[in-house]
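One file, run_0.csv, carrying CSV, N, CA and C atoms:
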chain,number,residue,atom,x,y,z
Y,367,GLN,N,-19.8,5.9,1.0
Y,367,GLN,CA,-18.7,5.5,1.9
Y,367,GLN,C,-17.8,4.6,1.1
Y,368,VAL,N,-16.5,4.6,1.5
Y,368,VAL,CA,-15.5,3.8,0.8
Y,368,VAL,C,-15.0,2.7,1.7
Y,369,GLN,N,-14.8,1.5,1.2
Y,369,GLN,CA,-14.2,0.4,2.0
Y,369,GLN,C,-13.0,-0.1,1.2
Y,370,LEU,N,-12.0,-0.5,2.0
Y,370,LEU,CA,-10.8,-1.0,1.4
Y,370,LEU,C,-10.5,-2.3,2.0
Y,371,VAL,N,-10.2,-3.3,1.2
Y,371,VAL,CA,-9.9,-4.7,1.7
Y,371,VAL,C,-8.5,-5.1,1.1
Y,372,GLU,N,-7.6,-5.3,2.1
Y,372,GLU,CA,-6.2,-5.7,1.7
Y,372,GLU,C,-6.1,-7.2,1.7
Y,373,SER,N,-5.1,-7.7,0.9
Y,373,SER,CA,-4.8,-9.1,1.0
Y,373,SER,C,-3.4,-9.3,0.5
Y,374,GLY,N,-2.8,-10.5,0.8
Y,374,GLY,CA,-1.5,-10.8,0.2
Y,374,GLY,C,-0.3,-10.8,1.2
Y,375,GLY,N,-0.6,-10.4,2.5
Y,375,GLY,CA,0.5,-10.4,3.4
Y,375,GLY,C,0.9,-11.8,3.8
Y,376,GLY,N,2.0,-11.9,4.6
Y,376,GLY,CA,2.5,-13.2,5.1
Y,376,GLY,C,3.9,-13.1,5.5
Y,377,LEU,N,4.4,-14.4,5.7
Y,377,LEU,CA,5.8,-14.5,6.1
Y,377,LEU,C,6.7,-14.9,4.9
Y,378,VAL,N,7.8,-14.2,4.8
Y,378,VAL,CA,8.7,-14.5,3.6
Y,378,VAL,C,10.1,-14.4,4.1
Y,379,GLN,N,11.0,-15.1,3.5
Y,379,GLN,CA,12.4,-15.0,3.8
Y,379,GLN,C,13.1,-13.8,3.2
Y,380,PRO,N,14.1,-13.3,3.8
Y,380,PRO,CA,14.9,-12.2,3.2
Y,380,PRO,C,15.3,-12.5,1.8
Y,381,GLY,N,15.1,-11.5,0.9
Y,381,GLY,CA,15.4,-11.6,-0.5
Y,381,GLY,C,14.2,-12.1,-1.3
Y,382,GLY,N,13.1,-12.5,-0.6
Y,382,GLY,CA,11.9,-13.0,-1.3
Y,382,GLY,C,11.0,-11.9,-1.7
Y,383,SER,N,9.8,-12.3,-2.3
Y,383,SER,CA,8.9,-11.4,-2.8
Y,383,SER,C,7.5,-11.6,-2.3
Y,384,LEU,N,6.7,-10.6,-2.3
Y,384,LEU,CA,5.3,-10.7,-1.9
Y,384,LEU,C,4.5,-9.7,-2.8
Y,385,ARG,N,3.2,-9.9,-3.0
Y,385,ARG,CA,2.4,-9.0,-3.7
Y,385,ARG,C,1.2,-8.7,-2.9
Y,386,LEU,N,1.0,-7.5,-2.6
Y,386,LEU,CA,-0.2,-7.0,-1.8
Y,386,LEU,C,-1.2,-6.5,-2.8
Y,387,SER,N,-2.5,-6.7,-2.4
Y,387,SER,CA,-3.6,-6.2,-3.2
Y,387,SER,C,-4.5,-5.4,-2.3
Y,388,CYS,N,-5.2,-4.4,-2.8
Y,388,CYS,CA,-6.2,-3.6,-2.1
Y,388,CYS,C,-7.3,-3.3,-3.0
Y,389,ALA,N,-8.5,-3.8,-2.7
Y,389,ALA,CA,-9.7,-3.5,-3.5
Y,389,ALA,C,-10.5,-2.5,-2.8
Y,390,ALA,N,-10.9,-1.5,-3.5
Y,390,ALA,CA,-11.8,-0.4,-3.0
Y,390,ALA,C,-13.2,-0.6,-3.5
Y,391,SER,N,-14.2,-0.3,-2.7
Y,391,SER,CA,-15.6,-0.4,-3.1
Y,391,SER,C,-16.3,0.9,-2.5
Y,392,GLY,N,-17.4,1.2,-3.2
Y,392,GLY,CA,-18.1,2.4,-2.8
Y,392,GLY,C,-18.0,3.5,-3.9
Y,393,SER,N,-18.1,4.7,-3.5
Y,393,SER,CA,-18.0,5.9,-4.4
Y,393,SER,C,-16.6,6.3,-4.6
Y,394,ILE,N,-16.0,5.7,-5.7
Y,394,ILE,CA,-14.6,6.0,-6.0
Y,394,ILE,C,-14.6,6.9,-7.2
Y,395,PHE,N,-13.9,8.1,-7.1
Y,395,PHE,CA,-13.8,9.0,-8.1
Y,395,PHE,C,-12.5,9.0,-8.9
Y,396,SER,N,-12.5,9.4,-10.1
Y,396,SER,CA,-11.3,9.3,-10.9
Y,396,SER,C,-10.1,10.1,-10.4
Y,397,SER,N,-10.4,11.1,-9.5
Y,397,SER,CA,-9.3,11.9,-9.0
Y,397,SER,C,-8.6,11.3,-7.8
Y,398,SER,N,-9.0,10.1,-7.4
Y,398,SER,CA,-8.5,9.5,-6.2
Y,398,SER,C,-7.0,9.1,-6.3
Y,399,VAL,N,-6.4,9.2,-5.2
Y,399,VAL,CA,-5.0,8.7,-5.1
Y,399,VAL,C,-5.0,7.5,-4.2
Y,400,MET,N,-4.4,6.4,-4.6
Y,400,MET,CA,-4.3,5.2,-3.7
Y,400,MET,C,-2.9,4.9,-3.4
Y,401,GLY,N,-2.7,4.4,-2.2
Y,401,GLY,CA,-1.3,4.1,-1.8
Y,401,GLY,C,-1.2,3.1,-0.7
Y,402,TRP,N,0.0,2.8,-0.3
Y,402,TRP,CA,0.4,1.9,0.8
Y,402,TRP,C,1.2,2.7,1.8
Y,403,TYR,N,0.9,2.4,3.0
Y,403,TYR,CA,1.7,2.9,4.2
Y,403,TYR,C,2.1,1.7,5.0
Y,404,ARG,N,3.1,1.8,5.9
Y,404,ARG,CA,3.4,0.7,6.8
Y,404,ARG,C,3.8,1.3,8.1
Y,405,GLN,N,3.6,0.4,9.1
Y,405,GLN,CA,3.9,0.8,10.5
Y,405,GLN,C,4.5,-0.4,11.2
Y,406,ALA,N,5.8,-0.2,11.6
Y,406,ALA,CA,6.5,-1.2,12.4
Y,406,ALA,C,6.3,-0.9,13.9
Y,407,PRO,N,6.4,-1.9,14.7
Y,407,PRO,CA,6.3,-1.7,16.2
Y,407,PRO,C,7.2,-0.6,16.7
Y,408,GLY,N,6.6,0.3,17.4
Y,408,GLY,CA,7.4,1.4,18.0
Y,408,GLY,C,7.8,2.5,17.0
Y,409,LYS,N,7.3,2.4,15.8
Y,409,LYS,CA,7.6,3.4,14.8
Y,409,LYS,C,6.4,4.1,14.3
Y,410,GLU,N,6.6,5.3,13.7
Y,410,GLU,CA,5.4,6.0,13.1
Y,410,GLU,C,5.1,5.4,11.7
Y,411,ARG,N,3.8,5.6,11.3
Y,411,ARG,CA,3.4,5.1,10.0
Y,411,ARG,C,4.1,5.9,8.9
Y,412,GLU,N,4.6,5.2,7.9
Y,412,GLU,CA,5.3,5.9,6.8
Y,412,GLU,C,4.8,5.5,5.5
Y,413,LEU,N,4.9,6.4,4.5
Y,413,LEU,CA,4.6,6.2,3.2
Y,413,LEU,C,5.5,5.1,2.5
Y,414,VAL,N,4.9,4.2,1.9
Y,414,VAL,CA,5.6,3.2,1.1
Y,414,VAL,C,5.6,3.6,-0.4
Y,415,ALA,N,4.4,3.7,-0.9
Y,415,ALA,CA,4.2,4.1,-2.3
Y,415,ALA,C,2.8,4.6,-2.5
Y,416,ALA,N,2.6,5.4,-3.5
Y,416,ALA,CA,1.3,5.9,-3.9
Y,416,ALA,C,1.2,6.1,-5.4
Y,417,VAL,N,0.0,6.1,-5.9
Y,417,VAL,CA,-0.2,6.2,-7.3
Y,417,VAL,C,-1.5,6.9,-7.6
Y,418,THR,N,-1.4,7.8,-8.6
Y,418,THR,CA,-2.6,8.6,-9.0
Y,418,THR,C,-3.5,7.7,-9.9
Y,419,SER,N,-4.7,8.2,-10.2
Y,419,SER,CA,-5.5,7.5,-11.1
Y,419,SER,C,-4.9,7.4,-12.5
Y,420,GLY,N,-4.1,8.4,-12.8
Y,420,GLY,CA,-3.4,8.4,-14.1
Y,420,GLY,C,-2.2,7.5,-14.2
Y,421,GLY,N,-1.8,6.9,-13.1
Y,421,GLY,CA,-0.7,5.9,-13.0
Y,421,GLY,C,0.6,6.5,-12.6
Y,422,SER,N,0.7,7.7,-12.1
Y,422,SER,CA,2.0,8.3,-11.7
Y,422,SER,C,2.3,7.8,-10.3
Y,423,PRO,N,3.4,7.1,-10.2
Y,423,PRO,CA,3.8,6.6,-8.9
Y,423,PRO,C,4.8,7.5,-8.1
Y,424,SER,N,4.8,7.3,-6.8
Y,424,SER,CA,5.8,7.9,-5.9
Y,424,SER,C,6.1,6.9,-4.9
Y,425,TYR,N,7.4,6.9,-4.4
Y,425,TYR,CA,7.9,5.9,-3.5
Y,425,TYR,C,8.6,6.5,-2.3
Y,426,GLY,N,8.6,5.8,-1.2
Y,426,GLY,CA,9.4,6.2,-0.1
Y,426,GLY,C,10.9,5.8,-0.4
Y,427,ASP,N,11.8,6.5,0.2
Y,427,ASP,CA,13.2,6.3,-0.2
Y,427,ASP,C,13.7,4.9,0.1
Y,428,SER,N,13.2,4.3,1.2
Y,428,SER,CA,13.7,3.0,1.6
Y,428,SER,C,13.2,1.9,0.7
Y,429,VAL,N,12.3,2.1,-0.2
Y,429,VAL,CA,11.8,1.0,-1.0
Y,429,VAL,C,12.0,1.2,-2.5
Y,430,LYS,N,12.6,2.4,-2.9
Y,430,LYS,CA,12.8,2.7,-4.3
Y,430,LYS,C,13.7,1.6,-4.9
Y,431,GLY,N,13.3,1.2,-6.1
Y,431,GLY,CA,14.1,0.1,-6.8
Y,431,GLY,C,13.7,-1.3,-6.4
Y,432,ARG,N,13.0,-1.5,-5.3
Y,432,ARG,CA,12.6,-2.8,-4.9
Y,432,ARG,C,11.1,-3.0,-5.0
Y,433,PHE,N,10.3,-2.0,-4.7
Y,433,PHE,CA,8.9,-2.1,-4.7
Y,433,PHE,C,8.3,-1.4,-5.9
Y,434,THR,N,7.2,-2.0,-6.4
Y,434,THR,CA,6.5,-1.4,-7.6
Y,434,THR,C,5.0,-1.3,-7.3
Y,435,ILE,N,4.4,-0.1,-7.4
Y,435,ILE,CA,3.0,0.1,-7.2
Y,435,ILE,C,2.3,0.2,-8.6
Y,436,SER,N,1.1,-0.4,-8.6
Y,436,SER,CA,0.3,-0.3,-9.9
Y,436,SER,C,-1.1,-0.3,-9.5
Y,437,ARG,N,-1.9,0.1,-10.5
Y,437,ARG,CA,-3.3,0.3,-10.2
Y,437,ARG,C,-4.2,-0.1,-11.4
Y,438,ASP,N,-5.3,-0.7,-11.1
Y,438,ASP,CA,-6.3,-1.1,-12.1
Y,438,ASP,C,-7.5,-0.3,-11.8
Y,439,ASN,N,-7.8,0.7,-12.6
Y,439,ASN,CA,-8.9,1.6,-12.3
Y,439,ASN,C,-10.2,0.9,-12.6
Y,440,ALA,N,-10.3,0.0,-13.5
Y,440,ALA,CA,-11.5,-0.7,-13.8
Y,440,ALA,C,-12.0,-1.6,-12.6
Y,441,LYS,N,-11.0,-2.0,-11.8
Y,441,LYS,CA,-11.3,-2.9,-10.7
Y,441,LYS,C,-11.2,-2.1,-9.4
Y,442,ASN,N,-10.8,-0.8,-9.4
Y,442,ASN,CA,-10.6,0.0,-8.2
Y,442,ASN,C,-9.6,-0.8,-7.3
Y,443,THR,N,-8.6,-1.3,-7.8
Y,443,THR,CA,-7.6,-2.1,-7.1
Y,443,THR,C,-6.2,-1.5,-7.3
Y,444,VAL,N,-5.5,-1.5,-6.2
Y,444,VAL,CA,-4.1,-1.1,-6.2
Y,444,VAL,C,-3.2,-2.3,-5.7
Y,445,TYR,N,-2.1,-2.5,-6.4
Y,445,TYR,CA,-1.2,-3.6,-6.0
Y,445,TYR,C,0.2,-3.0,-5.6
Y,446,LEU,N,0.9,-3.8,-4.8
Y,446,LEU,CA,2.2,-3.5,-4.4
Y,446,LEU,C,3.1,-4.7,-4.5
Y,447,GLN,N,3.9,-4.7,-5.5
Y,447,GLN,CA,4.9,-5.8,-5.7
Y,447,GLN,C,6.1,-5.5,-5.0
Y,448,MET,N,6.5,-6.4,-4.0
Y,448,MET,CA,7.6,-6.2,-3.1
Y,448,MET,C,8.7,-7.2,-3.4
Y,449,ASN,N,9.8,-6.8,-3.9
Y,449,ASN,CA,10.9,-7.7,-4.2
Y,449,ASN,C,12.1,-7.4,-3.3
Y,450,SER,N,13.0,-8.3,-3.3
Y,450,SER,CA,14.2,-8.1,-2.4
Y,450,SER,C,13.9,-7.7,-1.0
Y,451,LEU,N,13.0,-8.4,-0.4
Y,451,LEU,CA,12.5,-8.0,0.9
Y,451,LEU,C,13.6,-8.1,1.9
Y,452,LYS,N,13.6,-7.2,2.9
Y,452,LYS,CA,14.6,-7.2,4.0
Y,452,LYS,C,13.8,-7.3,5.3
Y,453,PRO,N,14.5,-7.7,6.4
Y,453,PRO,CA,13.9,-7.8,7.7
Y,453,PRO,C,13.3,-6.5,8.1
Y,454,GLU,N,13.9,-5.4,7.7
Y,454,GLU,CA,13.4,-4.1,8.1
Y,454,GLU,C,12.1,-3.7,7.4
Y,455,ASP,N,11.7,-4.5,6.4
Y,455,ASP,CA,10.4,-4.2,5.8
Y,455,ASP,C,9.2,-4.8,6.6
Y,456,THR,N,9.6,-5.5,7.6
Y,456,THR,CA,8.5,-6.1,8.5
Y,456,THR,C,7.7,-5.0,9.1
Y,457,ALA,N,6.4,-5.1,8.9
Y,457,ALA,CA,5.4,-4.1,9.4
Y,457,ALA,C,4.0,-4.5,9.1
Y,458,VAL,N,3.1,-3.8,9.6
Y,458,VAL,CA,1.7,-3.9,9.1
Y,458,VAL,C,1.5,-2.9,8.0
Y,459,TYR,N,1.1,-3.4,6.8
Y,459,TYR,CA,0.9,-2.5,5.6
Y,459,TYR,C,-0.6,-2.1,5.5
Y,460,TYR,N,-0.8,-0.9,5.3
Y,460,TYR,CA,-2.1,-0.3,5.2
Y,460,TYR,C,-2.3,0.3,3.9
Y,461,CYS,N,-3.5,0.0,3.3
Y,461,CYS,CA,-3.9,0.7,2.1
Y,461,CYS,C,-4.6,2.0,2.4
Y,462,LYS,N,-4.4,3.0,1.6
Y,462,LYS,CA,-5.1,4.3,1.8
Y,462,LYS,C,-5.6,4.8,0.5
Y,463,LEU,N,-6.8,5.3,0.5
Y,463,LEU,CA,-7.4,6.0,-0.6
Y,463,LEU,C,-7.7,7.4,-0.2
Y,464,ARG,N,-7.3,8.4,-1.0
Y,464,ARG,CA,-7.6,9.8,-0.7
Y,464,ARG,C,-8.4,10.4,-1.9
Y,465,GLN,N,-9.5,11.0,-1.6
Y,465,GLN,CA,-10.2,11.8,-2.6
Y,465,GLN,C,-11.0,12.9,-1.9
Y,466,TYR,N,-11.0,14.0,-2.6
Y,466,TYR,CA,-11.6,15.2,-2.1
Y,466,TYR,C,-11.2,15.5,-0.6
Y,467,TYR,N,-9.9,15.4,-0.4
Y,467,TYR,CA,-9.3,15.8,0.9
Y,467,TYR,C,-9.8,14.9,2.1
Y,468,LYS,N,-10.3,13.7,1.8
Y,468,LYS,CA,-10.7,12.8,2.8
Y,468,LYS,C,-9.9,11.5,2.6
Y,469,ASP,N,-9.4,10.9,3.7
Y,469,ASP,CA,-8.7,9.7,3.7
Y,469,ASP,C,-9.5,8.5,4.2
Y,470,TYR,N,-9.3,7.4,3.5
Y,470,TYR,CA,-9.9,6.1,3.9
Y,470,TYR,C,-8.8,5.1,4.0
Y,471,TRP,N,-8.9,4.3,5.1
Y,471,TRP,CA,-7.9,3.3,5.4
Y,471,TRP,C,-8.4,1.9,5.4
Y,472,GLY,N,-7.6,0.9,5.0
Y,472,GLY,CA,-7.9,-0.5,5.1
Y,472,GLY,C,-7.5,-0.9,6.5
Y,473,GLN,N,-7.8,-2.2,6.8
Y,473,GLN,CA,-7.6,-2.7,8.2
Y,473,GLN,C,-6.1,-3.1,8.4
Y,474,GLY,N,-5.3,-3.2,7.3
Y,474,GLY,CA,-3.9,-3.6,7.5
Y,474,GLY,C,-3.7,-5.1,7.3
Y,475,THR,N,-2.5,-5.4,6.7
Y,475,THR,CA,-2.1,-6.7,6.5
Y,475,THR,C,-0.6,-6.9,7.0
Y,476,GLN,N,-0.3,-7.9,7.7
Y,476,GLN,CA,1.0,-8.1,8.3
Y,476,GLN,C,1.9,-8.7,7.3
Y,477,VAL,N,3.1,-8.1,7.2
Y,477,VAL,CA,4.2,-8.6,6.4
Y,477,VAL,C,5.4,-8.8,7.3
Y,478,THR,N,5.9,-10.1,7.3
Y,478,THR,CA,7.0,-10.4,8.2
Y,478,THR,C,8.1,-11.0,7.3
Y,479,VAL,N,9.3,-10.4,7.4
Y,479,VAL,CA,10.4,-10.9,6.6
Y,479,VAL,C,11.5,-11.4,7.6
Y,480,SER,N,11.6,-12.7,7.6
Y,480,SER,CA,12.4,-13.4,8.6
Y,480,SER,C,12.9,-14.8,8.1
Y,481,SER,N,14.1,-15.2,8.4
Y,481,SER,CA,14.5,-16.5,8.1
Y,481,SER,C,14.2,-17.5,9.2
When written as structure tokens, how does the structure in this file appear?
Amino acid sequence: QVQLVESGGGLVQPGGSLRLSCAASGSIFSSSVMGWYRQAPGKERELVAAVTSGGSPSYGDSVKGRFTISRDNAKNTVYLQMNSLKPEDTAVYYCKLRQYYKDYWGQGTQVTVSS
């Protein structure tokens, strides 16, 4: 079984930065893909960013140039550095790990961007 624990959410002013972390435990394989999704009230969950075990990233259009995803395979941890935050980035951010066509989700961490 795989467990994901997120940390790093909180309240930040517009233009500020936050760094999210997600630590995975259990049977993690080298072929896994880890990523971040977010869900705002009344909206569908959307991809923020994902990264392969080889370090190849992909980003949602709304965060390109502002967010950076990275991964430490030795620690089975994925990070999301969020810069130039906007009020529309406010959402619950979920970590996801996918391996062998099975998805595992974290419990979510709230990010609120407000003055």
* **Non-local contacts of Ser419 (chain Y) (6.5 Å; all atoms listed in the file; under 3 positions in same chain excluded) as a list of chain:residue names** => Y:Ser396, Y:Ser397, Y:Ser398, Y:Val399, Y:Met400, Y:Ser422
* **Which of Y:Ser480, Y:Thr456, Y:Gln369, Y:Gln447 sits closest to Ser391 (chain Y) [using only C-alpha atoms]** => Y:Gln369
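Atom pair atom N of Ser393 (chain Y) / CA of Gln473 (chain Y) has a distance of 17.4 Å (rounded to one decimal).
In this structure, CA of Asn442 (chain Y) sits 17.7 Å away from CA of Tyr403 (chain Y).
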Which residues of region 447-466 of chain Y sit at most 7 Å from region 405-411 of chain Y, using only C-alpha atoms? Give each one's shortest atom pair and distance in Å (one decimal place), in chain and ascending residue order, as CSV.
residue,atom,partner,partner_atom,distance
Y:Thr456,CA,Y:Ala406,CA,6.6
Y:Ala457,CA,Y:Ala406,CA,4.3
Y:Val458,CA,Y:Gln405,CA,5.4
Y:Tyr459,CA,Y:Gln405,CA,6.6
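The neighbours of Lys468 (chain Y) here are the residues that come within 12 Å of it, using only C-alpha atoms and leaving out any residue fewer than 2 positions away in the same chain; they are Gln367, Val368, Ile394, Phe395, Ser397, Ser398, Val399, Met400, Lys462, Leu463, Arg464, Gln465, Tyr466, Tyr470 and Trp471 of chain Y.
Picture a line from CA of Tyr460 (chain Y) to atom N of Thr475 (chain Y); it runs 5.3 Å.
If all atoms listed in the file are the atoms counted, then among Y:Asp469, Y:Cys388, Y:Gly382, Y:Leu377 the closest residue to Tyr445 (chain Y) is Y:Cys388.
Of the residues listed (Y:Gly474, Y:Leu384, Y:Val371, Y:Ser481), Y:Ser481 shows the shortest atom-to-atom separation from Pro453 (chain Y); distances use only N, CA and C atoms.
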* Identify all residues of chain Y in strand (DSSP E) (DSSP on the backbone) and supply them as JSON, numbers by chain. => {"Y": [368, 369, 370, 371, 372, 373, 376, 377, 378, 384, 385, 386, 387, 388, 389, 390, 391, 392, 399, 400, 401, 402, 403, 404, 405, 412, 413, 414, 415, 416, 417, 418, 423, 424, 425, 433, 434, 435, 436, 437, 438, 443, 444, 445, 446, 447, 448, 457, 458, 459, 460, 461, 462, 463, 464, 465, 468, 469, 470, 471, 475, 476, 477, 478, 479]}
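For the residues Y:Gln379, Y:Ser450, Y:Thr418, Y:Thr478, ranking by smallest atom-to-atom distance to Asp438 (chain Y) using only C-alpha atoms places Y:Thr418 first.
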Give me region 391-405 of chain Y with N, CA, C and O atoms filled in, as a PDB file, in the coordinates of the input.
ATOM      1  N   SER Y 391     -14.200  -0.300  -2.700  1.00  0.00           N
ATOM      2  CA  SER Y 391     -15.600  -0.400  -3.100  1.00  0.00           C
ATOM      3  C   SER Y 391     -16.300   0.900  -2.500  1.00  0.00           C
ATOM      4  O   SER Y 391     -15.811   1.502  -1.597  1.00  0.00           O
ATOM      5  N   GLY Y 392     -17.400   1.200  -3.200  1.00  0.00           N
ATOM      6  CA  GLY Y 392     -18.100   2.400  -2.800  1.00  0.00           C
ATOM      7  C   GLY Y 392     -18.000   3.500  -3.900  1.00  0.00           C
ATOM      8  O   GLY Y 392     -17.768   3.191  -5.039  1.00  0.00           O
ATOM      9  N   SER Y 393     -18.100   4.700  -3.500  1.00  0.00           N
ATOM     10  CA  SER Y 393     -18.000   5.900  -4.400  1.00  0.00           C
ATOM     11  C   SER Y 393     -16.600   6.300  -4.600  1.00  0.00           C
ATOM     12  O   SER Y 393     -15.976   7.014  -3.841  1.00  0.00           O
ATOM     13  N   ILE Y 394     -16.000   5.700  -5.700  1.00  0.00           N
ATOM     14  CA  ILE Y 394     -14.600   6.000  -6.000  1.00  0.00           C
ATOM     15  C   ILE Y 394     -14.600   6.900  -7.200  1.00  0.00           C
ATOM     16  O   ILE Y 394     -15.148   6.655  -8.257  1.00  0.00           O
ATOM     17  N   PHE Y 395     -13.900   8.100  -7.100  1.00  0.00           N
ATOM     18  CA  PHE Y 395     -13.800   9.000  -8.100  1.00  0.00           C
ATOM     19  C   PHE Y 395     -12.500   9.000  -8.900  1.00  0.00           C
ATOM     20  O   PHE Y 395     -11.481   8.498  -8.334  1.00  0.00           O
ATOM     21  N   SER Y 396     -12.500   9.400 -10.100  1.00  0.00           N
ATOM     22  CA  SER Y 396     -11.300   9.300 -10.900  1.00  0.00           C
ATOM     23  C   SER Y 396     -10.100  10.100 -10.400  1.00  0.00           C
ATOM     24  O   SER Y 396      -8.999   9.844 -10.764  1.00  0.00           O
ATOM     25  N   SER Y 397     -10.400  11.100  -9.500  1.00  0.00           N
ATOM     26  CA  SER Y 397      -9.300  11.900  -9.000  1.00  0.00           C
ATOM     27  C   SER Y 397      -8.600  11.300  -7.800  1.00  0.00           C
ATOM     28  O   SER Y 397      -7.736  11.910  -7.220  1.00  0.00           O
ATOM     29  N   SER Y 398      -9.000  10.100  -7.400  1.00  0.00           N
ATOM     30  CA  SER Y 398      -8.500   9.500  -6.200  1.00  0.00           C
ATOM     31  C   SER Y 398      -7.000   9.100  -6.300  1.00  0.00           C
ATOM     32  O   SER Y 398      -6.576   8.794  -7.392  1.00  0.00           O
ATOM     33  N   VAL Y 399      -6.400   9.200  -5.200  1.00  0.00           N
ATOM     34  CA  VAL Y 399      -5.000   8.700  -5.100  1.00  0.00           C
ATOM     35  C   VAL Y 399      -5.000   7.500  -4.200  1.00  0.00           C
ATOM     36  O   VAL Y 399      -5.603   7.539  -3.078  1.00  0.00           O
ATOM     37  N   MET Y 400      -4.400   6.400  -4.600  1.00  0.00           N
ATOM     38  CA  MET Y 400      -4.300   5.200  -3.700  1.00  0.00           C
ATOM     39  C   MET Y 400      -2.900   4.900  -3.400  1.00  0.00           C
ATOM     40  O   MET Y 400      -1.974   5.177  -4.175  1.00  0.00           O
ATOM     41  N   GLY Y 401      -2.700   4.400  -2.200  1.00  0.00           N
ATOM     42  CA  GLY Y 401      -1.300   4.100  -1.800  1.00  0.00           C
ATOM     43  C   GLY Y 401      -1.200   3.100  -0.700  1.00  0.00           C
ATOM     44  O   GLY Y 401      -2.198   2.591  -0.175  1.00  0.00           O
ATOM     45  N   TRP Y 402       0.000   2.800  -0.300  1.00  0.00           N
ATOM     46  CA  TRP Y 402       0.400   1.900   0.800  1.00  0.00           C
ATOM     47  C   TRP Y 402       1.200   2.700   1.800  1.00  0.00           C
ATOM     48  O   TRP Y 402       2.183   3.378   1.437  1.00  0.00           O
ATOM     49  N   TYR Y 403       0.900   2.400   3.000  1.00  0.00           N
ATOM     50  CA  TYR Y 403       1.700   2.900   4.200  1.00  0.00           C
ATOM     51  C   TYR Y 403       2.100   1.700   5.000  1.00  0.00           C
ATOM     52  O   TYR Y 403       1.435   0.633   4.886  1.00  0.00           O
ATOM     53  N   ARG Y 404       3.100   1.800   5.900  1.00  0.00           N
ATOM     54  CA  ARG Y 404       3.400   0.700   6.800  1.00  0.00           C
ATOM     55  C   ARG Y 404       3.800   1.300   8.100  1.00  0.00           C
ATOM     56  O   ARG Y 404       4.216   2.431   8.271  1.00  0.00           O
ATOM     57  N   GLN Y 405       3.600   0.400   9.100  1.00  0.00           N
ATOM     58  CA  GLN Y 405       3.900   0.800  10.500  1.00  0.00           C
ATOM     59  C   GLN Y 405       4.500  -0.400  11.200  1.00  0.00           C
ATOM     60  O   GLN Y 405       3.873  -1.425  11.357  1.00  0.00           O
TER      61      GLN Y 405
END
